[in-house]
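What follows is the content of query-v1.cif, which has mmCIF, C-alpha atoms:
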data_protein
#
loop_
_atom_site.label_atom_id
_atom_site.label_comp_id
_atom_site.auth_asym_id
_atom_site.auth_seq_id
_atom_site.Cartn_x
_atom_site.Cartn_y
_atom_site.Cartn_z
CA MET K 1 86.48 -184.46 -19.14
CA ASP K 2 90.18 -184.93 -19.97
CA ASP K 3 89.67 -182.94 -23.16
CA ILE K 4 88.10 -180.10 -21.17
CA ASP K 5 91.03 -180.04 -18.73
CA THR K 6 93.51 -179.98 -21.62
CA MET K 7 91.59 -177.21 -23.35
CA PHE K 8 91.40 -175.08 -20.23
CA THR K 9 95.10 -175.57 -19.38
CA HIS K 10 96.01 -174.39 -22.88
CA LEU K 11 93.68 -171.40 -22.52
CA LEU K 12 95.19 -170.39 -19.20
CA GLY K 13 98.61 -170.04 -20.82
CA GLU K 14 97.25 -167.79 -23.55
CA MET K 15 95.23 -165.78 -21.05
CA ASP K 16 98.20 -165.19 -18.78
CA HIS K 17 100.33 -164.07 -21.73
CA LEU K 18 97.63 -161.68 -22.91
CA SER K 19 96.99 -160.27 -19.43
CA GLN K 20 100.71 -159.68 -18.89
CA SER K 21 100.92 -157.74 -22.17
CA LEU K 22 98.05 -155.53 -21.06
CA MET K 23 99.46 -154.72 -17.62
CA PRO K 24 100.56 -151.06 -17.25
CA ALA K 25 104.23 -150.26 -16.75
CA THR K 26 105.43 -149.87 -13.18
CA ASP K 27 106.52 -146.28 -13.78
CA ALA K 28 103.28 -145.27 -15.52
CA PRO K 29 101.05 -142.69 -13.79
CA ASP K 30 97.97 -143.81 -11.89
CA ALA K 31 95.28 -144.88 -14.34
CA ASP K 32 91.77 -143.53 -14.27
CA PRO K 33 89.54 -145.92 -12.26
CA ALA K 34 86.98 -146.15 -15.06
CA SER K 35 89.53 -147.05 -17.73
CA GLN K 36 91.27 -149.39 -15.30
CA ARG K 37 88.10 -151.39 -14.85
CA GLU K 38 87.72 -151.75 -18.62
CA SER K 39 91.15 -153.41 -18.87
CA THR K 40 90.83 -155.55 -15.78
CA PHE K 41 90.51 -159.25 -16.38
CA SER K 42 88.51 -161.58 -14.24
CA ILE K 43 90.03 -163.92 -11.71
CA GLY K 44 89.18 -167.54 -11.05
CA PHE K 45 90.04 -170.99 -9.90
CA VAL K 46 93.37 -172.60 -10.66
CA ASP K 47 91.16 -175.28 -12.20
CA LEU K 48 87.97 -173.65 -13.46
CA ASN K 49 86.68 -177.04 -14.56
CA GLU K 50 86.88 -178.25 -10.95
CA CYS K 51 85.05 -175.12 -9.85
CA LEU K 52 82.19 -175.72 -12.27
CA ASN K 53 82.02 -179.38 -11.25
CA GLU K 54 81.33 -178.33 -7.66
CA LEU K 55 78.17 -176.52 -8.73
CA GLU K 56 74.95 -178.45 -8.27
CA ASP K 57 73.16 -179.43 -11.49
CA ASN K 58 70.39 -176.85 -11.10
CA ASP K 59 72.93 -174.05 -10.53
CA LEU K 60 74.91 -175.20 -13.55
CA ASP K 61 71.72 -175.10 -15.62
CA VAL K 62 71.14 -171.53 -14.48
CA LEU K 63 74.73 -170.57 -15.39
CA VAL K 64 74.52 -172.09 -18.87
CA ALA K 65 71.10 -170.56 -19.49
CA ALA K 66 72.36 -167.15 -18.37
CA LEU K 67 75.38 -167.41 -20.63
CA GLU K 68 73.23 -168.52 -23.57
CA SER K 69 70.92 -165.53 -23.19
CA LYS K 70 71.89 -162.06 -24.37
CA PRO K 71 73.41 -160.33 -21.32
CA THR K 72 72.62 -156.81 -20.13
CA ASN K 73 75.53 -154.50 -19.39
CA THR K 74 75.03 -153.16 -15.85
CA SER K 75 78.50 -151.64 -15.43
CA SER K 76 78.07 -148.15 -16.96
CA GLY K 77 79.23 -149.06 -20.45
CA THR K 78 82.23 -151.16 -19.46
CA ASP K 79 82.49 -154.66 -20.85
CA SER K 80 83.09 -156.44 -17.53
CA GLN K 81 83.89 -160.06 -18.06
CA ILE K 82 82.58 -162.91 -16.00
CA ALA K 83 84.61 -163.57 -12.84
CA THR K 84 84.83 -167.03 -11.39
CA SER K 85 86.24 -167.08 -7.89
CA ALA K 86 86.91 -169.73 -5.27
CA VAL K 87 87.40 -168.10 -1.93
CA THR K 88 89.42 -171.02 -0.60
CA HIS K 89 91.61 -171.49 -3.68
CA GLU K 90 94.53 -169.67 -5.30
CA TYR K 91 93.57 -167.14 -7.96
CA GLU K 92 94.89 -167.11 -11.53
CA PRO K 93 94.11 -164.53 -14.24
CA VAL K 94 91.41 -165.43 -16.76
CA ALA K 95 91.23 -163.55 -20.06
CA ALA K 96 89.50 -164.13 -23.39
CA LEU K 97 88.16 -167.66 -23.86
CA SER K 98 87.53 -169.58 -27.08
CA GLN K 99 84.77 -168.41 -29.36
CA PRO K 100 81.38 -169.98 -28.56
CA SER K 101 80.01 -172.68 -30.77
CA ASN K 102 76.78 -171.93 -32.60
CA THR K 103 75.72 -175.54 -32.59
CA THR K 104 74.50 -175.53 -28.98
CA GLU K 105 71.02 -174.12 -28.35
CA SER K 106 69.72 -173.03 -24.96
CA SER K 107 66.64 -175.22 -25.40
CA GLY K 108 68.86 -178.26 -25.14
CA VAL K 109 70.52 -177.27 -21.85
CA LEU K 110 68.48 -179.60 -19.70
CA GLN K 111 69.24 -182.55 -22.02
CA MET K 112 73.02 -182.07 -21.82
CA THR K 113 75.33 -184.09 -19.64
CA LYS K 114 77.20 -182.24 -16.94
CA ALA K 115 80.40 -182.35 -19.00
CA ASP K 116 78.57 -180.77 -21.94
CA LYS K 117 77.17 -178.02 -19.71
CA ILE K 118 80.63 -177.26 -18.36
CA GLN K 119 82.06 -177.03 -21.87
CA VAL K 120 79.28 -174.67 -22.97
CA ALA K 121 79.89 -172.54 -19.86
CA LEU K 122 83.60 -172.33 -20.65
CA GLU K 123 82.89 -171.33 -24.23
CA LYS K 124 80.34 -168.68 -23.28
CA LEU K 125 82.30 -166.96 -20.50
CA LYS K 126 83.79 -164.38 -22.88
CA GLU K 127 80.37 -163.09 -23.93
CA ALA K 128 79.05 -162.41 -20.44
CA LYS K 129 78.91 -158.71 -19.55
CA VAL K 130 77.72 -159.23 -15.96
CA ARG K 131 80.46 -160.27 -13.56
CA LYS K 132 79.80 -163.61 -11.93
CA LEU K 133 81.59 -165.41 -9.12
CA ILE K 134 81.50 -169.04 -8.20
CA ILE K 135 82.12 -169.04 -4.45
CA LYS K 136 82.63 -171.69 -1.85
CA VAL K 137 80.80 -170.88 1.40
CA LEU K 138 81.95 -172.74 4.50
CA MET K 139 79.38 -173.97 7.03
CA SER K 140 79.72 -174.19 10.80
CA ASP K 141 79.70 -178.02 10.63
CA GLY K 142 82.75 -178.10 8.37
CA SER K 143 80.86 -178.70 5.13
CA SER K 144 80.62 -176.21 2.26
CA LYS K 145 78.21 -175.00 -0.42
CA THR K 146 79.25 -173.85 -3.88
CA LEU K 147 77.16 -171.00 -5.28
CA MET K 148 77.11 -168.83 -8.36
CA VAL K 149 76.47 -165.13 -7.70
CA ASP K 150 76.59 -162.13 -9.99
CA GLU K 151 77.25 -158.45 -9.40
CA ARG K 152 73.53 -157.61 -9.21
CA GLN K 153 72.86 -159.89 -6.24
CA THR K 154 72.86 -158.52 -2.71
CA VAL K 155 74.01 -160.42 0.36
CA ARG K 156 70.33 -160.72 1.31
CA GLU K 157 69.61 -162.61 -1.91
CA VAL K 158 72.59 -164.91 -1.40
CA LEU K 159 71.41 -165.64 2.15
CA ASP K 160 67.98 -166.57 0.79
CA LYS K 161 69.64 -168.97 -1.63
CA LEU K 162 71.57 -170.55 1.25
CA PHE K 163 68.35 -170.88 3.24
CA GLU K 164 66.91 -172.95 0.39
CA LYS K 165 70.00 -175.16 0.19
CA THR K 166 70.56 -175.71 3.92
CA HIS K 167 66.96 -175.72 5.24
CA CYS K 168 68.14 -173.87 8.35
CA ASP K 169 65.87 -172.07 10.82
CA CYS K 170 65.93 -168.79 8.79
CA SER K 171 66.90 -166.70 11.83
CA ILE K 172 67.63 -163.03 11.17
CA ASP K 173 71.05 -163.61 12.77
CA TRP K 174 72.37 -165.71 9.86
CA SER K 175 75.19 -163.84 8.13
CA LEU K 176 77.87 -164.13 5.51
CA CYS K 177 81.24 -163.37 7.05
CA GLU K 178 84.64 -162.88 5.42
CA THR K 179 87.87 -163.80 7.21
CA ASN K 180 91.39 -162.64 6.40
CA PRO K 181 94.09 -164.92 7.90
CA GLU K 182 96.84 -162.49 6.85
CA LEU K 183 95.43 -159.69 9.02
CA GLN K 184 93.61 -162.00 11.45
CA THR K 185 90.36 -160.13 10.91
CA GLU K 186 86.73 -160.88 10.10
CA ARG K 187 83.71 -158.87 9.02
CA GLY K 188 80.05 -159.66 8.55
CA PHE K 189 78.74 -158.46 5.19
CA GLU K 190 75.76 -156.12 5.38
CA ASP K 191 72.58 -157.41 3.74
CA HIS K 192 72.37 -154.49 1.29
CA GLU K 193 75.91 -154.97 -0.02
CA TYR K 194 76.49 -156.46 -3.47
CA LEU K 195 78.57 -159.52 -2.65
CA VAL K 196 80.69 -159.54 -5.81
CA GLU K 197 82.09 -156.07 -5.07
CA PRO K 198 84.01 -156.82 -1.82
CA LEU K 199 85.14 -160.23 -3.10
CA SER K 200 86.59 -158.72 -6.27
CA VAL K 201 89.24 -156.82 -4.31
CA TRP K 202 90.73 -159.96 -2.77
CA THR K 203 94.33 -160.56 -3.81
CA ARG K 204 95.29 -163.23 -6.31
CA HIS K 205 96.86 -165.60 -3.78
CA THR K 206 94.42 -164.90 -0.99
CA GLU K 207 93.55 -167.36 1.76
CA ASN K 208 90.39 -165.43 2.65
CA LYS K 209 87.24 -167.44 3.25
CA ILE K 210 83.49 -166.90 3.44
CA TYR K 211 81.46 -168.41 6.27
CA PHE K 212 77.72 -168.85 6.68
CA GLU K 213 77.14 -168.52 10.41
CA LEU K 214 74.94 -167.10 13.15
CA ARG K 215 76.05 -163.68 14.41
CA PRO K 216 73.77 -162.49 17.27
CA GLN K 217 75.46 -159.07 17.19
CA LYS K 218 74.24 -158.44 13.62
CA TYR K 219 71.01 -156.67 14.62
CA MET K 220 71.56 -156.16 18.34
CA MET K 221 71.00 -152.41 17.87
CA PHE K 222 67.34 -153.24 17.16
CA ASN K 223 66.93 -156.14 19.58
CA HIS K 224 68.54 -154.14 22.40
CA PRO K 225 68.55 -150.45 21.37
CA GLN K 226 68.88 -149.34 25.00
CA LEU K 227 72.48 -150.62 25.01
CA PHE K 228 73.40 -147.99 22.42
CA TYR K 229 71.14 -145.04 23.21
CA MET K 230 71.07 -145.40 27.01
CA TRP K 231 74.58 -146.74 27.52
CA ARG K 232 75.38 -144.21 30.27
CA LYS K 233 72.72 -145.66 32.57
CA LYS K 234 73.34 -148.45 35.05
CA LYS K 235 73.05 -152.06 33.95
CA SER K 236 70.05 -152.63 36.22
CA CYS K 237 68.15 -149.81 34.46
CA LEU K 238 68.98 -151.22 31.03
CA ASN K 239 67.63 -154.64 31.97
CA GLU K 240 64.30 -153.11 33.02
CA VAL K 241 63.56 -151.61 29.58
CA ASN K 242 60.42 -153.28 28.20
CA GLU K 243 59.50 -154.02 24.58
CA GLN K 244 57.36 -150.91 24.22
CA ALA K 245 60.24 -148.69 25.32
CA LYS K 246 62.55 -150.47 22.88
CA ARG K 247 60.17 -149.84 19.97
CA LEU K 248 59.99 -146.18 20.99
CA LEU K 249 63.79 -145.91 20.99
CA ILE K 250 63.97 -147.44 17.52
CA LYS K 251 61.30 -145.08 16.21
CA GLU K 252 62.99 -142.01 17.70
CA ASN K 253 66.45 -142.83 16.40
CA PHE K 254 65.74 -144.62 13.10
CA GLY K 255 62.22 -143.62 12.11
CA GLY K 256 62.66 -139.87 11.74
CA SER K 257 63.81 -137.79 8.79
CA ALA K 258 67.44 -138.15 9.94
CA LEU K 259 69.27 -140.97 11.69
CA ILE K 260 70.48 -140.30 15.21
CA VAL K 261 73.92 -141.77 15.88
CA PRO K 262 74.60 -143.04 19.44
CA ASP K 263 76.28 -140.34 21.53
CA LEU K 264 79.21 -142.61 22.28
CA GLU K 265 82.52 -141.58 23.81
CA GLY K 266 85.17 -143.08 26.03
CA THR K 267 88.78 -144.16 26.41
CA LEU K 268 90.23 -146.57 23.86
CA TYR K 269 93.79 -147.73 23.23
CA LEU K 270 95.35 -146.46 20.01
CA LYS K 271 98.22 -148.30 18.33
CA GLU K 272 100.99 -145.98 17.22
CA ASP K 273 101.98 -146.13 13.55
CA GLY K 274 104.57 -148.80 12.84
CA LYS K 275 105.00 -149.70 16.51
CA LYS K 276 103.58 -152.25 18.92
CA VAL K 277 102.85 -149.50 21.42
CA TRP K 278 99.28 -148.67 22.50
CA LYS K 279 98.40 -145.34 24.08
CA PRO K 280 95.07 -144.50 25.82
CA ARG K 281 93.14 -141.71 24.13
CA TYR K 282 89.65 -140.29 24.62
CA PHE K 283 87.52 -140.94 21.52
CA VAL K 284 84.18 -139.51 20.44
CA LEU K 285 81.81 -140.97 17.83
CA ARG K 286 80.17 -138.65 15.30
CA ALA K 287 78.07 -139.32 12.20
CA SER K 288 81.01 -138.49 9.92
CA GLY K 289 83.72 -140.43 11.74
CA ILE K 290 85.71 -140.91 14.94
CA TYR K 291 87.43 -138.01 16.72
CA TYR K 292 89.87 -138.01 19.63
CA VAL K 293 91.42 -135.71 22.21
CA PRO K 294 95.19 -135.27 21.68
CA LYS K 295 97.52 -135.58 24.63
CA GLY K 296 97.40 -132.50 26.83
CA LYS K 297 94.13 -131.17 25.39
CA THR K 298 90.69 -130.91 26.97
CA LYS K 299 87.54 -132.83 26.01
CA SER K 300 85.88 -129.79 24.50
CA SER K 301 84.68 -130.02 20.90
CA SER K 302 87.17 -127.38 19.79
CA ASP K 303 90.10 -129.62 20.79
CA LEU K 304 88.84 -132.75 18.98
CA VAL K 305 90.98 -134.06 16.13
CA CYS K 306 89.57 -136.28 13.38
CA PHE K 307 90.86 -139.82 13.71
CA ILE K 308 89.15 -141.30 10.62
CA HIS K 309 86.15 -140.73 8.34
CA PHE K 310 83.78 -143.62 7.56
CA GLU K 311 83.22 -142.96 3.87
CA LYS K 312 85.82 -145.30 2.38
CA VAL K 313 86.61 -147.69 5.23
CA ASN K 314 85.03 -150.79 6.72
CA ILE K 315 85.21 -151.98 10.30
CA TYR K 316 86.70 -155.39 11.15
CA THR K 317 86.98 -157.31 14.39
CA THR K 318 90.26 -159.06 15.11
CA ASN K 319 91.64 -162.31 16.41
CA ASN K 320 94.42 -162.60 19.00
CA TYR K 321 95.96 -159.15 18.57
CA LYS K 322 97.27 -159.38 22.12
CA GLN K 323 99.87 -161.79 20.81
CA LYS K 324 100.24 -160.40 17.26
CA TYR K 325 100.58 -156.70 18.14
CA LYS K 326 101.02 -156.71 21.93
CA ALA K 327 97.57 -155.15 22.41
CA PRO K 328 96.38 -154.53 26.01
CA THR K 329 93.45 -156.94 25.42
CA ASN K 330 92.14 -159.16 22.64
CA PHE K 331 89.06 -156.94 22.17
CA CYS K 332 90.38 -154.98 19.20
CA PHE K 333 88.99 -153.68 15.93
CA ILE K 334 90.50 -152.04 12.89
CA LEU K 335 89.28 -149.58 10.26
CA LYS K 336 90.65 -149.87 6.72
CA HIS K 337 89.79 -149.57 3.06
CA PRO K 338 88.46 -152.90 1.72
CA CYS K 339 91.21 -153.03 -0.93
CA ILE K 340 93.88 -153.27 1.79
CA GLN K 341 94.41 -157.01 2.22
CA LYS K 342 97.83 -157.04 3.91
CA GLU K 343 99.60 -155.04 6.60
CA SER K 344 99.63 -151.36 5.74
CA PRO K 345 100.33 -148.00 7.42
CA TYR K 346 96.82 -146.94 6.35
CA ILE K 347 95.14 -149.34 8.80
CA ARG K 348 93.82 -147.79 12.04
CA PHE K 349 94.01 -149.99 15.16
CA LEU K 350 91.90 -149.54 18.31
CA CYS K 351 91.57 -151.68 21.43
CA CYS K 352 88.77 -151.88 24.03
CA GLU K 353 88.83 -152.88 27.68
CA ASP K 354 86.23 -155.66 27.37
CA GLU K 355 83.84 -157.40 24.97
CA LYS K 356 80.88 -155.22 25.95
CA THR K 357 82.77 -152.06 24.98
CA LEU K 358 83.92 -153.70 21.74
CA LEU K 359 80.37 -154.59 20.69
CA LEU K 360 79.20 -151.10 21.64
CA TRP K 361 81.79 -149.35 19.48
CA VAL K 362 81.69 -151.73 16.52
CA ASN K 363 77.90 -151.65 16.15
CA SER K 364 77.66 -147.90 16.84
CA ILE K 365 80.15 -147.34 14.02
CA ARG K 366 77.99 -149.52 11.77
CA ILE K 367 75.00 -147.33 12.64
CA ALA K 368 76.96 -144.18 11.79
CA LYS K 369 78.34 -145.62 8.55
CA TYR K 370 75.29 -147.36 7.08
CA GLY K 371 72.51 -145.26 8.61
CA THR K 372 68.91 -146.22 7.85
CA SER K 373 70.07 -148.99 5.49
CA LEU K 374 70.62 -151.14 8.59
CA TYR K 375 67.01 -150.63 9.68
CA THR K 376 65.77 -151.44 6.17
CA ASN K 377 67.88 -154.60 6.23
CA TYR K 378 66.46 -155.56 9.62
CA GLN K 379 62.86 -155.10 8.49
CA ALA K 380 63.51 -157.13 5.32
CA ALA K 381 65.14 -159.91 7.37
CA ILE K 382 62.16 -160.06 9.74
CA LYS K 383 59.72 -160.21 6.82
CA ARG K 384 61.74 -162.86 5.00
CA ALA K 385 62.09 -165.02 8.13
CA SER K 386 58.34 -164.88 8.73
CA THR K 387 57.59 -165.82 5.13
CA LEU K 388 59.98 -168.77 5.18
CA GLN K 389 58.56 -170.02 8.47
CA ILE K 390 55.06 -169.96 7.00
CA LEU K 391 56.26 -171.82 3.89
CA HIS K 392 58.07 -174.44 5.96
CA SER K 393 55.03 -174.88 8.20
CA THR K 394 52.73 -175.26 5.18
CA ALA K 395 55.09 -177.76 3.57
CA HIS K 396 55.20 -179.78 6.80
CA LYS K 397 51.41 -179.84 7.04
CA ASP K 398 51.09 -180.87 3.39
CA LYS K 399 53.57 -183.67 3.95
CA SER K 400 51.69 -184.89 7.02
CA SER K 401 48.39 -184.69 5.15
CA SER K 402 49.83 -186.62 2.23
CA ARG K 403 51.12 -189.29 4.58
CA ALA K 404 47.70 -189.59 6.20
CA GLU K 405 46.07 -190.04 2.77
CA ASP K 406 48.57 -192.68 1.74
CA TYR K 407 48.07 -194.58 5.00
CA PRO K 408 44.46 -193.81 6.10
CA HIS K 409 44.29 -196.77 8.43
CA GLU K 410 47.78 -196.70 9.89
CA PRO K 411 47.83 -198.91 13.05
CA PRO K 412 48.78 -197.45 16.43
CA PRO K 413 52.40 -197.77 17.57
CA ASP K 414 51.65 -200.57 20.06
CA PHE K 415 49.68 -202.67 17.57
CA ILE K 416 50.88 -206.31 17.32
CA PRO K 417 49.97 -208.00 14.03
CA PRO K 418 48.30 -211.44 14.26
CA PRO K 419 50.50 -214.47 13.54
CA PRO K 420 50.47 -215.96 10.05
CA HIS K 421 47.98 -218.73 9.39
CA GLY K 422 49.11 -222.03 10.91
CA HIS K 423 51.39 -220.44 13.54
CA THR K 424 50.77 -219.92 17.24
CA GLN K 425 51.53 -216.56 18.79
CA VAL K 426 53.80 -216.76 21.85
#
For the file at hand, write its structure as structure tokens.
Amino acid sequence: MDDIDTMFTHLLGEMDHLSQSLMPATDAPDADPASQRESTFSIGFVDLNECLNELEDNDLDVLVAALESKPTNTSSGTDSQIATSAVTHEYEPVAALSQPSNTTESSGVLQMTKADKIQVALEKLKEAKVRKLIIKVLMSDGSSKTLMVDERQTVREVLDKLFEKTHCDCSIDWSLCETNPELQTERGFEDHEYLVEPLSVWTRHTENKIYFELRPQKYMMFNHPQLFYMWRKKKSCLNEVNEQAKRLLIKENFGGSALIVPDLEGTLYLKEDGKKVWKPRYFVLRASGIYYVPKGKTKSSSDLVCFIHFEKVNIYTTNNYKQKYKAPTNFCFILKHPCIQKESPYIRFLCCEDEKTLLLWVNSIRIAKYGTSLYTNYQAAIKRASTLQILHSTAHKDKSSSRAEDYPHEPPPDFIPPPPHGHTQV
């Protein structure tokens, strides 16, 4: 293990030197995104060996086997290198690694020691054409799970892997959530997203984290569709909506040829650029983005001004913006490009009066941005939860049956065994 650490420390120095020599000059024009990706090196742990050690043996076997096999390039002809990332650790650049040894065969993976597997993984990283991340996912009880994911895996697939590792209740509300301490924001990943993509834009010295947690608001637009499509009605009327009416609302708004976005509008507080001043403005939600009524104008459609389009931004909820930015309340959300990881003039800040309004706007924006993908995710989550419940129930019955076969004449709980021969029972 000491030899591996020494080898990797030496490699890091060479990698950093090589990556620095390949960095474009500061006064060079903006590079083409496609060519930029080809020259981008992967990022990883300060101590990659430590990262690999945190993988469970079966995951390490999968990694070594994947690296031993001939990879398939899924990145449109670019030779994307493997990325190893710890979401709770400092990033360092990782470039070309040592040439792989031809003496190790994939058939012998299972017979290797863990140290051997780690060394093979280090040697094979250069050959991998599919980006991979080794991530640390934090649990609600303070523990963590280390997983290997690649760029072809969706959040849904990673959640299924966590279900297997944690043996949780498989509720559809389980989510992967990213937090950004710098901006004091968080966002739940959508099930159809490819997890590697949003993680790859994190900065080198990031303190961002990933959590595996229950988020009841994840699919509340399907559990309580009346809150979004009948929001103008009184609360008493909304509570009286039965299950049949809910299914009808879902079918009308998500089951047709085109998605129907909630007809949402109302007053929100807008933070002025570069200032801790919030002004009330009347906002209107549309399928393409958010629009607002400028000061002194009417609420007619002709006076609406585009506030932001949804194409290249994500929505994030915030933490304690009342103190950080002097917001009127702590029920704020922001809209920004995922590459923006620090304070920027390109972030749009909005504040709501209460939590109910916040949930209404945040989830309505998700509906407008992701469309029918949300409904597809919801249906897949329901199906997966049902399947896992059946498997868990079957496994429990098999275990009980096996126990009954092993102990066919198990005595009742109140049975008192007779005293040994020659003793008197008291």
Apply the PyMOL selection byres ((chain K and resi 174-176) around 6) to the displayed file and report the matching residues as a list in words.
Ser171, Ile172, Asp173, Cys177, Gly188, Phe189, Tyr211, Phe212, Glu213 and Leu214 of chain K
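Atom CA of Gln341 of chain K sits 16.8 Å away from atom CA of Gly274 of chain K.
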Here atom CA of Arg286 of chain K and atom CA of Phe228 of chain K stand apart by 13.6 Å
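When you apply the PyMOL selection byres ((chain K and resi 241-253) around 10) to this structure, what comes back is Met221, Phe222, Asn223, His224, Pro225, Gln226, Phe228, Tyr229, Met230, Ser236, Cys237, Leu238, Asn239, Glu240, Phe254, Gly255, Gly256, Ser257, Ala258, Leu259, Ile260, Val261, Pro262, Thr372 and Tyr375 of chain K.
Of the residues under consideration (K:Asp191, K:Leu183, K:Tyr292, K:Cys332), K:Asp191 shows the shortest atom-to-atom contact distance to Thr154 of chain K when counting only C-alpha atoms.
In terms of minimum interatomic distance to Gln184 of chain K, K:Lys342 ranks closest within K:Lys342, K:His167, K:Leu147, K:Glu197, counting only C-alpha atoms.
Between atom CA of Leu159 of chain K and atom CA of Asn320 of chain K lies a distance of 28.7 Å.
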Any chance you could resolve the PyMOL selection byres ((chain K and resi 148) around 8) against this file and give the residues as an MDAnalysis selection string?
chainID K and resid 55 59 63 132:135 146:147 149:150
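Look at segment 307-314 of chain K: the protein and nucleic acid residues within 6 Å of it, using all atoms listed in the file and passing over chain neighbours fewer than 6 places away, are Ser288, Gly289, Ile290, Tyr291, Leu335, Lys336, His337 and Lys369 of chain K.
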For Arg187 of chain K, which residue out of K:Asn319, K:Thr113, K:Ser143, K:Thr387 is the nearest one, using only C-alpha atoms?
K:Asn319
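Restricting the calculation to only C-alpha atoms, the smallest distance between Ala385 of chain K and any of K:Glu186, K:Asp169, K:Glu178, K:Asp61 is found for K:Asp169.
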Axis-aligned box for all listed atoms of segment 206-220 of chain K, 4 Å per side, centre and edges in Å to one decimal, as AutoDock Vina command-line options:
--center_x 82.7 --center_y -162.5 --center_z 8.7 --size_x 31.4 --size_y 20.7 --size_z 27.3
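Closest approach to Leu391 of chain K among K:Cys170, K:Val155, K:Ala327, K:Cys352: K:Cys170, based on all atoms listed in the file.
Distance check against Thr203 of chain K using only C-alpha atoms: of K:Glu182, K:Ile367, K:Leu374, K:Trp231, the minimum falls on K:Glu182.
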Atoms kept (C-alpha atoms) for segment 258-288 of chain K, as a short mmCIF file (atom, residue, chain, number, x, y, z; two decimals), in the first residue's frame:
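So part-v3.cif came out as:
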data_model
loop_
_atom_site.label_atom_id
_atom_site.label_comp_id
_atom_site.auth_asym_id
_atom_site.auth_seq_id
_atom_site.Cartn_x
_atom_site.Cartn_y
_atom_site.Cartn_z
CA ALA K 258 -48.81 18.54 -25.02
CA LEU K 259 -48.04 19.32 -21.40
CA ILE K 260 -50.15 21.96 -19.71
CA VAL K 261 -48.13 24.23 -17.43
CA PRO K 262 -49.89 25.54 -14.28
CA ASP K 263 -51.40 28.97 -14.93
CA LEU K 264 -49.45 30.48 -12.06
CA GLU K 265 -49.01 34.18 -11.34
CA GLY K 266 -48.58 36.41 -8.33
CA THR K 267 -46.37 38.88 -6.48
CA LEU K 268 -42.80 37.87 -5.66
CA TYR K 269 -39.86 39.87 -4.33
CA LEU K 270 -37.05 40.45 -6.82
CA LYS K 271 -33.50 41.17 -5.66
CA GLU K 272 -31.91 44.03 -7.55
CA ASP K 273 -28.59 43.30 -9.27
CA GLY K 274 -25.62 43.78 -6.97
CA LYS K 275 -27.74 45.12 -4.11
CA LYS K 276 -29.43 43.72 -1.02
CA VAL K 277 -32.66 45.44 -1.99
CA TRP K 278 -35.81 43.45 -2.81
CA LYS K 279 -38.67 44.97 -4.80
CA PRO K 280 -42.17 43.43 -5.20
CA ARG K 281 -43.04 42.59 -8.79
CA TYR K 282 -45.93 40.72 -10.40
CA PHE K 283 -44.66 37.52 -12.06
CA VAL K 284 -46.32 35.16 -14.52
CA LEU K 285 -45.26 31.58 -15.31
CA ARG K 286 -45.18 30.41 -18.93
CA ALA K 287 -43.89 27.23 -20.56
CA SER K 288 -40.80 29.05 -21.88
#
